[in-house]
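Report on one structure; see the data block that follows.
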Amino acid sequence: MEDYAYADYDYEEGVDYVDYYEEDVYELPKSWENLEDGEVGETSSYSLAELYEYCVVPTVSDSAHHLFNLLVWSFIFTLTTRIVRVPSWFTHVSSAICGSIVVWGLFGSRVGYVAVLASVALTTLVFSHCALKTLRGPITCCACIAFLVICEVWWADPVVWHSIRGPQMVVLMKLVSVGFDLDSSSIRALPGPLEMLGYILNPGTIIFGPWLSFNAYMKVLQPMSWGWWLIPAVLMRLISSVVFLLLSTCYTSWILPEDLNRWGAAYRDALSFRSSHYFVSYMSEMSALLAGLDVERVAKPVYVEMPRSLVEVVIYWNMPMHYWLKTYIFKTARSRFGIFLAIIFTYAMSAIFHGLNFQLAAVLLSLGFYTYVEHSLRIKLASAFDACVLARPCPETCSHQQKGWSYFTLMVNFVLGAVAVFHLAYLGIMFGSSSQEQESGYSMTHTLSKWSGLNFASHWVVLICYIVYALI
């Protein structure tokens, strides 16, 4: 029973593992800075025509201006390497050049931080491979963490560092995964310089992700099966990304006005943040498709907005990153520390990857404890009432007497799902501000004041759940 219950933290291959809050939050277009008083929340007083003129049009035009090169150069890479058969070295060089153009166009000289991180990780990876032939993944990961800490504490400007975190995390995840895959023999030999450059800088993944393994990247050397399916697939993701971008920057604050109570405002700000993330997720899928990469869904908004449990939120928030954390961090830690400490360690590592600020660390570590308590409580409830109320849906062949459509099971899953939405509003309020402080991350005082305004209600609810779990 225990092995089955804890399967939520050890999913089958192909299902991914992710941390909840990541850095890929789309910044509001510069044109918004010219709005009166500069506050997005004031759109609640606009008419639909004014909202279209002063928000929709500048948001779409500004986004198109910034992201046009990403999509075009991703497609150029596909056209130059997949229509006709070309040498493998040409494919990797084309990938590196197209990706370099994209990342330089968006970030300029700030990419120097990414270049130094890649150099540190590559040097460590090559040294550990040649000298030790083992522990390449952990050693490379430690070197990347050391670099991140040095930049956070002593070297980098906080605003610049905050703005470049997306590409940095993509590069870090790629290089660390190569080390772990070499340790597990998933990759038989250390990739060559051109292969590594093509993998790291691929235009379809260098900005927003998604992370994909080195072996998955190497499929670009295979002939591509062209078909009409590509057009609707790209259009669907384009439409979805625009819808969520507009929901985040324009319509959330218009539909949910300023005069809400504090919990309504918390939900509105959290929804705006989540919509921004969905925009990034669909944009990353589109850029990867245009680059000819074989990628699955990055996020599933329905499972996040109407969750069965926080565990499912964690899974479907960013599935490639979820898989990465599960495979390379959680499984490694679980064999040494056990389930609970491995979960906390995974979220702690994710917090370090995202940046050393109290805001992210508090949210991620809280989420780690939340998911563990919810998961454990559901195990107890499933055992005590013989019901399908585990954090994830039971298989059809489960032995529970009360199946998924029984009144008791529906009631418990609905209540705990509502509690999960409550937690999301509480945690997401950290990412709903338009203040300048958000550009470099909130301080401890500001973070605690946000939660203090909600009386730390979410943490108290989790404490009560833990007490119930301990008493059952």
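Ordered as shown in the structure tokens, chains take letters A, B, and onward, while each chain numbers its residues from 1 and ligands are numbered from 1 in the order shown.
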
Inset, instruction - Write out as a ChimeraX atom specification which residues come within 8 Å of segment 121-127 of chain A when counting only C-alpha atoms, dropping same-chain ones fewer than 2 positions away. - result: /A:117-119,129-132,136-137,139-141,143-144,172,175-176,179,190

Considering only helix (DSSP H, G or I) as DSSP defines it on the backbone, what residues of segment 195-363 of chain A qualify? List them as a VMD selection string.
chain A and resid 195 to 201 214 to 221 230 to 255 262 to 290 301 to 305 310 to 317 319 to 337 339 to 354 358 to 363

Counting only C-alpha atoms, which residues of segment 130-159 of chain A sit at most 8 Å from some atom of segment 350-364 of chain A, and what is each one's closest atom pair with its distance in Å to one decimal, listed by chain and rising residue number, as a tab-separated table?
residue	atom	partner	partner_atom	distance
A:Ile145	CA	A:Phe353	CA	7.3
A:Leu148	CA	A:Phe353	CA	7.6
A:Val149	CA	A:Leu356	CA	7.4
A:Glu152	CA	A:Leu356	CA	6.5

Generate a file of the selected residues that holds N, CA and C atoms, formatted as a PDB file, in the first residue's frame.
ATOM      1  N   ILE A 145      25.617  25.669  -8.867  1.00  0.00           N
ATOM      2  CA  ILE A 145      25.086  26.307  -7.665  1.00  0.00           C
ATOM      3  C   ILE A 145      26.093  27.309  -7.101  1.00  0.00           C
ATOM      4  N   LEU A 148      25.936  30.398  -9.158  1.00  0.00           N
ATOM      5  CA  LEU A 148      24.715  31.157  -8.883  1.00  0.00           C
ATOM      6  C   LEU A 148      24.833  31.923  -7.575  1.00  0.00           C
ATOM      7  N   VAL A 149      25.382  31.290  -6.542  1.00  0.00           N
ATOM      8  CA  VAL A 149      25.513  31.939  -5.244  1.00  0.00           C
ATOM      9  C   VAL A 149      26.476  33.127  -5.335  1.00  0.00           C
ATOM     10  N   GLU A 152      24.678  35.925  -7.117  1.00  0.00           N
ATOM     11  CA  GLU A 152      23.602  36.482  -6.297  1.00  0.00           C
ATOM     12  C   GLU A 152      24.155  37.376  -5.178  1.00  0.00           C
TER      13      GLU A 152
END

With a cut-off of 10 Å, could you pull out the residues of segment 132-231 of chain A touching segment 267-288 of chain A and give me the nearest pair of atoms for each, distance in Å to one decimal, using only C-alpha atoms, ordered by chain and ascending number, as a Markdown table?
| residue | atom | partner | partner_atom | distance |
| --- | --- | --- | --- | --- |
| A:Asn202 | CA | A:Ala288 | CA | 9.1 |
| A:Pro203 | CA | A:Ser287 | CA | 7.7 |
| A:Gly204 | CA | A:Ala288 | CA | 4.2 |
| A:Thr205 | CA | A:Ala288 | CA | 6.1 |
| A:Ile206 | CA | A:Ser284 | CA | 9.3 |
| A:Ile207 | CA | A:Ser284 | CA | 8.0 |
| A:Phe208 | CA | A:Ser284 | CA | 5.3 |
| A:Gly209 | CA | A:Ser284 | CA | 5.7 |
| A:Pro210 | CA | A:Ser284 | CA | 6.0 |
| A:Trp211 | CA | A:Ser284 | CA | 9.7 |
| A:Leu212 | CA | A:Ala288 | CA | 9.9 |

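If you look at atom CA of Phe75 of chain A and atom CA of Ile187 of chain A, they are 27.6 Å away from each other.
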
- Message: Which residues are near segment 343-346 of chain A? Cut-off 12 Å, only C-alpha atoms, ignore same chain within fewer than 6 positions. Put them as a ChimeraX atom specification.
- Response: /A:6,8-10,17-20,311,314,321-337,352-353,361-362,364-373,375

Dump as a PDB file, in the first residue's frame, selection limited to C-alpha atoms:
ATOM      1  CA  TYR A   6       3.928   7.214  -2.749  1.00  0.00           C
ATOM      2  CA  ASP A   8       2.849  10.262  -6.753  1.00  0.00           C
ATOM      3  CA  TYR A   9       6.498  11.059  -6.168  1.00  0.00           C
ATOM      4  CA  ASP A  10       7.839   8.330  -8.440  1.00  0.00           C
ATOM      5  CA  TYR A  17       7.966  16.318 -12.348  1.00  0.00           C
ATOM      6  CA  VAL A  18       8.019  20.045 -11.708  1.00  0.00           C
ATOM      7  CA  ASP A  19       8.266  22.702  -9.099  1.00  0.00           C
ATOM      8  CA  TYR A  20       5.336  25.064  -8.927  1.00  0.00           C
ATOM      9  CA  VAL A 311       0.217  17.341  -6.106  1.00  0.00           C
ATOM     10  CA  VAL A 314       2.847  20.520  -9.099  1.00  0.00           C
ATOM     11  CA  MET A 321      10.807  20.663 -15.467  1.00  0.00           C
ATOM     12  CA  HIS A 322       8.813  18.358 -13.209  1.00  0.00           C
ATOM     13  CA  TYR A 323      10.358  15.379 -14.925  1.00  0.00           C
ATOM     14  CA  TRP A 324      13.819  16.929 -14.638  1.00  0.00           C
ATOM     15  CA  LEU A 325      13.492  17.507 -10.892  1.00  0.00           C
ATOM     16  CA  LYS A 326      12.028  14.081 -10.319  1.00  0.00           C
ATOM     17  CA  THR A 327      14.694  12.281 -12.340  1.00  0.00           C
ATOM     18  CA  TYR A 328      17.856  14.140 -11.383  1.00  0.00           C
ATOM     19  CA  ILE A 329      17.145  15.647  -7.952  1.00  0.00           C
ATOM     20  CA  PHE A 330      14.321  13.822  -6.176  1.00  0.00           C
ATOM     21  CA  LYS A 331      15.328  10.254  -7.050  1.00  0.00           C
ATOM     22  CA  THR A 332      18.949  10.948  -6.163  1.00  0.00           C
ATOM     23  CA  ALA A 333      17.973  12.438  -2.792  1.00  0.00           C
ATOM     24  CA  ARG A 334      15.309   9.836  -1.980  1.00  0.00           C
ATOM     25  CA  SER A 335      17.785   6.970  -1.931  1.00  0.00           C
ATOM     26  CA  ARG A 336      19.791   8.818   0.747  1.00  0.00           C
ATOM     27  CA  PHE A 337      17.294  10.857   2.772  1.00  0.00           C
ATOM     28  CA  ILE A 352      18.363  28.020  -5.366  1.00  0.00           C
ATOM     29  CA  PHE A 353      18.061  27.569  -9.130  1.00  0.00           C
ATOM     30  CA  ALA A 361      12.347  30.231  -1.176  1.00  0.00           C
ATOM     31  CA  ALA A 362       9.372  30.818   1.139  1.00  0.00           C
ATOM     32  CA  LEU A 364       8.678  26.827  -2.785  1.00  0.00           C
ATOM     33  CA  LEU A 365       9.483  25.414   0.645  1.00  0.00           C
ATOM     34  CA  SER A 366       5.920  26.086   1.785  1.00  0.00           C
ATOM     35  CA  LEU A 367       4.652  24.280  -1.280  1.00  0.00           C
ATOM     36  CA  GLY A 368       6.930  21.328  -0.576  1.00  0.00           C
ATOM     37  CA  PHE A 369       5.523  20.973   2.928  1.00  0.00           C
ATOM     38  CA  TYR A 370       1.959  21.551   1.704  1.00  0.00           C
ATOM     39  CA  THR A 371       2.137  18.781  -0.889  1.00  0.00           C
ATOM     40  CA  TYR A 372       3.657  16.334   1.569  1.00  0.00           C
ATOM     41  CA  VAL A 373       0.977  17.007   4.211  1.00  0.00           C
ATOM     42  CA  HIS A 375      -0.432  13.668   0.128  1.00  0.00           C
TER      43      HIS A 375
END

Could you name the residues that touch Trp89 of chain A at 8 Å or less, counting only C-alpha atoms, but leaving out those on the same chain fewer than 3 positions away, as a ChimeraX atom specification?
/A:92-93,194-195

Of the residues A:Ala418, A:Leu246, A:Val304, A:Ala299, which is the one nearest to Ser61 of chain A, using only C-alpha atoms?
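Result for the nearest residue to Ser61 of chain A: A:Leu246.
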
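Of note, atom CA of Lys380 of chain A and atom CA of Ala470 of chain A are spaced 9.1 Å apart.
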
For Leu79 of chain A, the closest of A:His459, A:Leu410, A:Trp226, A:Lys403 counting only C-alpha atoms is A:Trp226

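In this structure, atom CA of Tyr217 of chain A sits 12.5 Å away from atom CA of Ala96 of chain A.
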
List as a PyMOL selection string the protein and nucleic acid residues near Leu256 of chain A, meaning an atom at most 9 Å away when only C-alpha atoms are counted, but skip any in the same chain fewer than 4 places from it.
chain A and resi 44+251-252+260+264-265+268

Only N, CA, C and O atoms, please: the residues just picked out, written as a PDB file, in the first residue's frame.
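Final output, saved to part_6.pdb:
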ATOM      1  N   SER A  44      -9.820  48.186 -14.391  1.00  0.00           N
ATOM      2  CA  SER A  44     -11.185  47.850 -14.001  1.00  0.00           C
ATOM      3  C   SER A  44     -12.159  48.979 -14.316  1.00  0.00           C
ATOM      4  O   SER A  44     -13.360  48.748 -14.446  1.00  0.00           O
ATOM      5  N   TYR A 251      -7.253  41.513 -18.882  1.00  0.00           N
ATOM      6  CA  TYR A 251      -8.622  41.157 -18.533  1.00  0.00           C
ATOM      7  C   TYR A 251      -8.808  40.686 -17.093  1.00  0.00           C
ATOM      8  O   TYR A 251      -9.905  40.807 -16.549  1.00  0.00           O
ATOM      9  N   THR A 252      -7.769  40.138 -16.468  1.00  0.00           N
ATOM     10  CA  THR A 252      -7.939  39.691 -15.088  1.00  0.00           C
ATOM     11  C   THR A 252      -8.312  40.852 -14.177  1.00  0.00           C
ATOM     12  O   THR A 252      -9.262  40.778 -13.390  1.00  0.00           O
ATOM     13  N   LEU A 260     -12.496  44.392  -4.556  1.00  0.00           N
ATOM     14  CA  LEU A 260     -12.675  43.074  -3.959  1.00  0.00           C
ATOM     15  C   LEU A 260     -12.107  43.062  -2.546  1.00  0.00           C
ATOM     16  O   LEU A 260     -11.245  43.873  -2.196  1.00  0.00           O
ATOM     17  N   GLY A 264     -10.276  38.020  -2.498  1.00  0.00           N
ATOM     18  CA  GLY A 264     -10.583  38.170  -3.916  1.00  0.00           C
ATOM     19  C   GLY A 264      -9.429  38.799  -4.668  1.00  0.00           C
ATOM     20  O   GLY A 264      -9.091  38.391  -5.786  1.00  0.00           O
ATOM     21  N   ALA A 265      -8.797  39.812  -4.049  1.00  0.00           N
ATOM     22  CA  ALA A 265      -7.636  40.445  -4.670  1.00  0.00           C
ATOM     23  C   ALA A 265      -6.466  39.475  -4.766  1.00  0.00           C
ATOM     24  O   ALA A 265      -5.723  39.468  -5.760  1.00  0.00           O
ATOM     25  N   ARG A 268      -7.169  37.203  -7.637  1.00  0.00           N
ATOM     26  CA  ARG A 268      -6.975  37.913  -8.901  1.00  0.00           C
ATOM     27  C   ARG A 268      -5.499  38.025  -9.257  1.00  0.00           C
ATOM     28  O   ARG A 268      -5.085  37.737 -10.390  1.00  0.00           O
TER      29      ARG A 268
END

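Proximity to Pro223 of chain A at 7 Å, evaluated using only C-alpha atoms and with sequence-adjacent residues fewer than 2 positions away removed, yields Arg82, Leu221 and Ser225 of chain A.
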
Residue selection dump (all heavy atoms) as a short mmCIF file (atom, residue, chain, number, x, y, z; two decimals), in the first residue's frame:
data_model
loop_
_atom_site.label_atom_id
_atom_site.label_comp_id
_atom_site.auth_asym_id
_atom_site.auth_seq_id
_atom_site.Cartn_x
_atom_site.Cartn_y
_atom_site.Cartn_z
N ARG A 82 16.28 20.61 -41.91
CA ARG A 82 15.39 19.45 -41.95
C ARG A 82 14.72 19.21 -43.30
O ARG A 82 14.10 18.17 -43.51
CB ARG A 82 14.28 19.62 -40.88
CG ARG A 82 14.79 19.87 -39.48
CD ARG A 82 15.61 18.73 -38.93
NE ARG A 82 14.84 17.53 -38.66
CZ ARG A 82 14.13 17.31 -37.55
NH1 ARG A 82 14.08 18.24 -36.61
NH2 ARG A 82 13.48 16.19 -37.38
N LEU A 221 18.76 15.38 -36.11
CA LEU A 221 19.57 14.82 -37.19
C LEU A 221 18.76 13.85 -38.05
O LEU A 221 19.23 13.45 -39.12
CB LEU A 221 20.79 14.09 -36.61
CG LEU A 221 21.75 14.93 -35.76
CD1 LEU A 221 22.89 14.09 -35.24
CD2 LEU A 221 22.28 16.12 -36.57
N SER A 225 9.17 14.50 -40.45
CA SER A 225 7.95 14.13 -41.16
C SER A 225 7.04 15.37 -41.24
O SER A 225 6.40 15.74 -40.27
CB SER A 225 7.22 12.99 -40.43
OG SER A 225 6.95 13.35 -39.10
#
